[in-house]
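Student: Pasting a structure here, questions to come.
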Number of protein chains: 2
Amino acid sequence: MIDYGAIRLDTAGGTGFRFGARFASGHEATYDSGAGAAGPNPVEHLLGALAACEAMDVVGILRKKRLEVTAYEVLMSGERAPEAPRRFTAVELVHRVTGRDLPPAAVAEALRLSEEKYCSVRHSLDPALRVTSRFELVQG
Amino acid sequence: MIDYGAIRLDTAGGTGFRFGARFASGHEATYDSGAGAAGPNPVEHLLGALAACEAMDVVGILRKKRLEVTAYEVLMSGERAPEAPRRFTAVELVHRVTGRDLPPAAVAEALRLSEEKYCSVRHSLDPALRVTSRFELVQG
């Protein structure tokens with residue numbers, strides 16, 4: 001087992017649910033929920049981690065091919081079960097990739113490689129969770 | 001589908017992989033990887049989200065029972081497959097709960113309820129991923 005660090009409750013005295021993470025890498029993050037939350041809740045972070053994981057794969061693969069990515073965003077949407085544990089039932093990620101003359105086939109192939117082979121987060125999720133990833137190319 | 005917001009590549013001009021998330025809730029987060037990363041990587045965030053999700057459930061349940069939690073941390077460790085996609089194969093979470101005269105049975109029951117019924121993140125993960133959660137009680 002690898003040590004990944006710890007999260008600690010910052011709001012032990014009150015009624016809040018704010019946790020500060022201090023990872024073994026030294027990096028920090030905030031997880032919060034409820035009214036007046038100071039950071040994303042765990043479910044938001046799960047989606048963000050999935051989107052970032054895929055996007056990092058795609059950017060890395062395109063750069064290795066010497067293709068120039070000038071901007072990159074991923075729009076995230078999802079559906080959750082209405083009853084507890086309110087698991088995600090579907091996730092849709094739209095990768096909006098901006099670059100100069102990016103070949104659509106290269107972006108499609110990079111996204112396929114992330115989905116099928118590389119993305120650690122995606123492959124840690126329930127296979128029953130339907131994740132749909134697609135891309136849009138923007139010239140610029 | 002519910003809109004959860006977007007992540008955007010902050011390092012498009014360089015060689016980095018830093019993404020800034022702006023969630024629909026207005027909350028922000030950073031996902032980064034590689035040398036000199038400015039924030040946790042997606043895999044760290046996945047673990048953090050899982051730990052925070054369970055911990056929020058437990059704290060909420062204990063508070064509803066008027067039990068006083070004075071400090072709470074979760075130690076995170078995990079094992080990943082050596083080959084791509086390097087998915088998590090096992091995760092261990094140790095909930096270290098500090099309080100005044102907290103009944104162990106109440107903490108055990110709260111953790112069981114999170115694991116079996118409430119934790120949205122845990123129930124979005126691959127059932128083949130072995131998650132072991134246990135707790136330690138600290139008097140104080």
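Note on naming: chains are A, B, ... as they come in the structure tokens, residues start from 1 per chain, ligands start from 1 in the order shown.
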As a PyMOL selection string, could you give me every residue of chain A near chain B (at most 6 Å apart, counting only C-alpha atoms)?
Tutor: chain A and resi 1-9+12+27+39-40+42+46+49+53+70-79+84-88+117-120+123-126
Student: Output C-alpha atoms for every residue in that selection, as a PDB file, in the first residue's frame.
Tutor:
ATOM      1  CA  MET A   1       0.000   0.000   0.000  1.00  0.00           C
ATOM      2  CA  ILE A   2       1.218   3.479  -0.907  1.00  0.00           C
ATOM      3  CA  ASP A   3       0.589   6.304   1.546  1.00  0.00           C
ATOM      4  CA  TYR A   4      -1.430   9.069  -0.122  1.00  0.00           C
ATOM      5  CA  GLY A   5      -1.702  11.404   2.864  1.00  0.00           C
ATOM      6  CA  ALA A   6      -4.715  12.492   4.867  1.00  0.00           C
ATOM      7  CA  ILE A   7      -7.754  14.705   4.978  1.00  0.00           C
ATOM      8  CA  ARG A   8      -8.690  16.621   8.116  1.00  0.00           C
ATOM      9  CA  LEU A   9     -11.939  18.211   9.234  1.00  0.00           C
ATOM     10  CA  ALA A  12     -14.888  20.276  13.885  1.00  0.00           C
ATOM     11  CA  HIS A  27      -0.350  19.098  -2.600  1.00  0.00           C
ATOM     12  CA  GLY A  39     -14.873  24.254  -2.065  1.00  0.00           C
ATOM     13  CA  PRO A  40     -16.174  21.562  -4.379  1.00  0.00           C
ATOM     14  CA  PRO A  42     -16.666  15.044  -3.324  1.00  0.00           C
ATOM     15  CA  LEU A  46     -14.895  12.905  -8.800  1.00  0.00           C
ATOM     16  CA  ALA A  49     -10.731  14.105 -11.656  1.00  0.00           C
ATOM     17  CA  CYS A  53      -7.464  12.508 -16.314  1.00  0.00           C
ATOM     18  CA  THR A  70      -3.651  26.361 -27.896  1.00  0.00           C
ATOM     19  CA  ALA A  71      -6.627  25.884 -25.575  1.00  0.00           C
ATOM     20  CA  TYR A  72      -8.424  22.940 -24.030  1.00  0.00           C
ATOM     21  CA  GLU A  73     -11.547  22.681 -21.968  1.00  0.00           C
ATOM     22  CA  VAL A  74     -13.833  19.884 -20.914  1.00  0.00           C
ATOM     23  CA  LEU A  75     -17.505  20.541 -20.270  1.00  0.00           C
ATOM     24  CA  MET A  76     -18.870  18.155 -17.649  1.00  0.00           C
ATOM     25  CA  SER A  77     -22.399  16.936 -17.118  1.00  0.00           C
ATOM     26  CA  GLY A  78     -23.786  14.010 -15.233  1.00  0.00           C
ATOM     27  CA  GLU A  79     -26.820  12.212 -13.973  1.00  0.00           C
ATOM     28  CA  ALA A  84     -29.216   7.057  -1.797  1.00  0.00           C
ATOM     29  CA  PRO A  85     -26.382   6.428  -2.421  1.00  0.00           C
ATOM     30  CA  ARG A  86     -27.087   8.791  -5.347  1.00  0.00           C
ATOM     31  CA  ARG A  87     -24.363   7.204  -7.451  1.00  0.00           C
ATOM     32  CA  PHE A  88     -23.555   8.598 -10.880  1.00  0.00           C
ATOM     33  CA  LYS A 117      -6.033   2.236 -22.324  1.00  0.00           C
ATOM     34  CA  TYR A 118      -4.674   5.041 -20.179  1.00  0.00           C
ATOM     35  CA  CYS A 119      -7.124   6.858 -17.937  1.00  0.00           C
ATOM     36  CA  SER A 120      -6.585   5.575 -14.384  1.00  0.00           C
ATOM     37  CA  HIS A 123     -10.834   2.534 -15.140  1.00  0.00           C
ATOM     38  CA  SER A 124     -11.385   2.836 -11.381  1.00  0.00           C
ATOM     39  CA  LEU A 125     -15.071   3.689 -11.902  1.00  0.00           C
ATOM     40  CA  ASP A 126     -17.976   1.286 -12.005  1.00  0.00           C
TER      41      ASP A 126
END
Student: Any chance you could list, as a ChimeraX atom specification, the residues in chain A that come up strand (DSSP E or B) when DSSP is run on the backbone?
Tutor: /A:2-9,19-23,28-31,69-80,88-99,125,130-139
Student: I need the residues from that last selection saved to file as a short mmCIF file (atom, residue, chain, number, x, y, z; two decimals), in the first residue's frame (with C-alpha atoms), if you can.
Tutor:
data_model
loop_
_atom_site.label_atom_id
_atom_site.label_comp_id
_atom_site.auth_asym_id
_atom_site.auth_seq_id
_atom_site.Cartn_x
_atom_site.Cartn_y
_atom_site.Cartn_z
CA ILE A 2 1.22 3.48 -0.91
CA ASP A 3 0.59 6.30 1.55
CA TYR A 4 -1.43 9.07 -0.12
CA GLY A 5 -1.70 11.40 2.86
CA ALA A 6 -4.71 12.49 4.87
CA ILE A 7 -7.75 14.70 4.98
CA ARG A 8 -8.69 16.62 8.12
CA LEU A 9 -11.94 18.21 9.23
CA PHE A 19 -12.10 18.87 4.88
CA GLY A 20 -8.60 19.93 3.93
CA ALA A 21 -6.50 17.33 2.16
CA ARG A 22 -2.77 17.21 2.53
CA PHE A 23 -1.48 14.60 0.12
CA GLU A 28 -3.48 20.38 -0.92
CA ALA A 29 -7.16 20.49 -1.75
CA THR A 30 -10.49 21.34 -0.16
CA TYR A 31 -13.58 19.15 -0.06
CA VAL A 69 -2.97 22.69 -28.65
CA THR A 70 -3.65 26.36 -27.90
CA ALA A 71 -6.63 25.88 -25.58
CA TYR A 72 -8.42 22.94 -24.03
CA GLU A 73 -11.55 22.68 -21.97
CA VAL A 74 -13.83 19.88 -20.91
CA LEU A 75 -17.50 20.54 -20.27
CA MET A 76 -18.87 18.16 -17.65
CA SER A 77 -22.40 16.94 -17.12
CA GLY A 78 -23.79 14.01 -15.23
CA GLU A 79 -26.82 12.21 -13.97
CA ARG A 80 -27.21 10.71 -10.51
CA PHE A 88 -23.55 8.60 -10.88
CA THR A 89 -25.53 6.74 -13.54
CA ALA A 90 -24.23 8.65 -16.57
CA VAL A 91 -21.50 11.17 -17.30
CA GLU A 92 -20.97 13.19 -20.44
CA LEU A 93 -17.68 14.93 -21.19
CA VAL A 94 -17.22 17.26 -24.13
CA HIS A 95 -13.56 17.93 -24.91
CA ARG A 96 -13.33 21.28 -26.69
CA VAL A 97 -9.88 21.30 -28.25
CA THR A 98 -8.46 24.42 -29.85
CA GLY A 99 -5.41 24.31 -32.08
CA LEU A 125 -15.07 3.69 -11.90
CA ARG A 130 -22.01 5.09 -18.72
CA VAL A 131 -19.28 7.64 -19.56
CA THR A 132 -19.70 9.32 -22.94
CA SER A 133 -16.73 11.36 -24.09
CA ARG A 134 -16.70 13.32 -27.34
CA PHE A 135 -14.72 16.19 -28.74
CA GLU A 136 -15.24 19.41 -30.64
CA LEU A 137 -12.45 20.99 -32.64
CA VAL A 138 -11.96 24.75 -32.65
CA GLN A 139 -9.59 26.39 -35.10
#
Student: From the DSSP assignment of the backbone, select every residue of chain A that is helix (DSSP H, G or I), and format the answer as a short mmCIF file (atom, residue, chain, number, x, y, z; two decimals) with C-alpha atoms, in the first residue's frame.
Tutor:
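Dumped to states23.cif:
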data_model
loop_
_atom_site.label_atom_id
_atom_site.label_comp_id
_atom_site.auth_asym_id
_atom_site.auth_seq_id
_atom_site.Cartn_x
_atom_site.Cartn_y
_atom_site.Cartn_z
CA PRO A 42 -16.67 15.04 -3.32
CA VAL A 43 -18.98 14.31 -6.24
CA GLU A 44 -17.81 17.41 -8.12
CA HIS A 45 -14.21 16.39 -7.46
CA LEU A 46 -14.89 12.90 -8.80
CA LEU A 47 -16.11 14.40 -12.09
CA GLY A 48 -13.25 16.89 -12.21
CA ALA A 49 -10.73 14.10 -11.66
CA LEU A 50 -12.24 12.06 -14.48
CA ALA A 51 -12.31 15.01 -16.89
CA ALA A 52 -8.75 16.07 -16.02
CA CYS A 53 -7.46 12.51 -16.31
CA GLU A 54 -8.83 12.12 -19.84
CA ALA A 55 -7.77 15.61 -20.88
CA MET A 56 -4.19 15.13 -19.64
CA ASP A 57 -3.94 11.93 -21.67
CA VAL A 58 -5.22 13.63 -24.83
CA VAL A 59 -3.00 16.70 -24.46
CA GLY A 60 0.04 14.51 -23.81
CA ILE A 61 -0.61 12.31 -26.84
CA LEU A 62 -1.20 15.29 -29.15
CA ARG A 63 1.97 17.02 -27.93
CA LYS A 64 4.00 13.87 -28.57
CA PRO A 104 -9.71 15.36 -36.24
CA ALA A 105 -8.45 11.79 -36.61
CA ALA A 106 -5.51 12.48 -34.27
CA VAL A 107 -7.80 13.91 -31.59
CA ALA A 108 -10.23 11.02 -31.98
CA GLU A 109 -7.40 8.51 -31.64
CA ALA A 110 -5.96 10.26 -28.55
CA LEU A 111 -9.36 10.27 -26.87
CA ARG A 112 -9.88 6.61 -27.73
CA LEU A 113 -6.49 5.70 -26.25
CA SER A 114 -7.34 7.55 -23.04
CA GLU A 115 -10.73 5.86 -22.76
CA GLU A 116 -9.59 2.36 -23.59
CA LYS A 117 -6.03 2.24 -22.32
CA TYR A 118 -4.67 5.04 -20.18
CA ARG A 122 -12.02 6.09 -15.65
CA HIS A 123 -10.83 2.53 -15.14
CA SER A 124 -11.39 2.84 -11.38
#
Student: Using Å and a single decimal, report how far CA of Arg66 (chain B) sits from CA of Leu102 (chain B).
Tutor: 10.2 Å
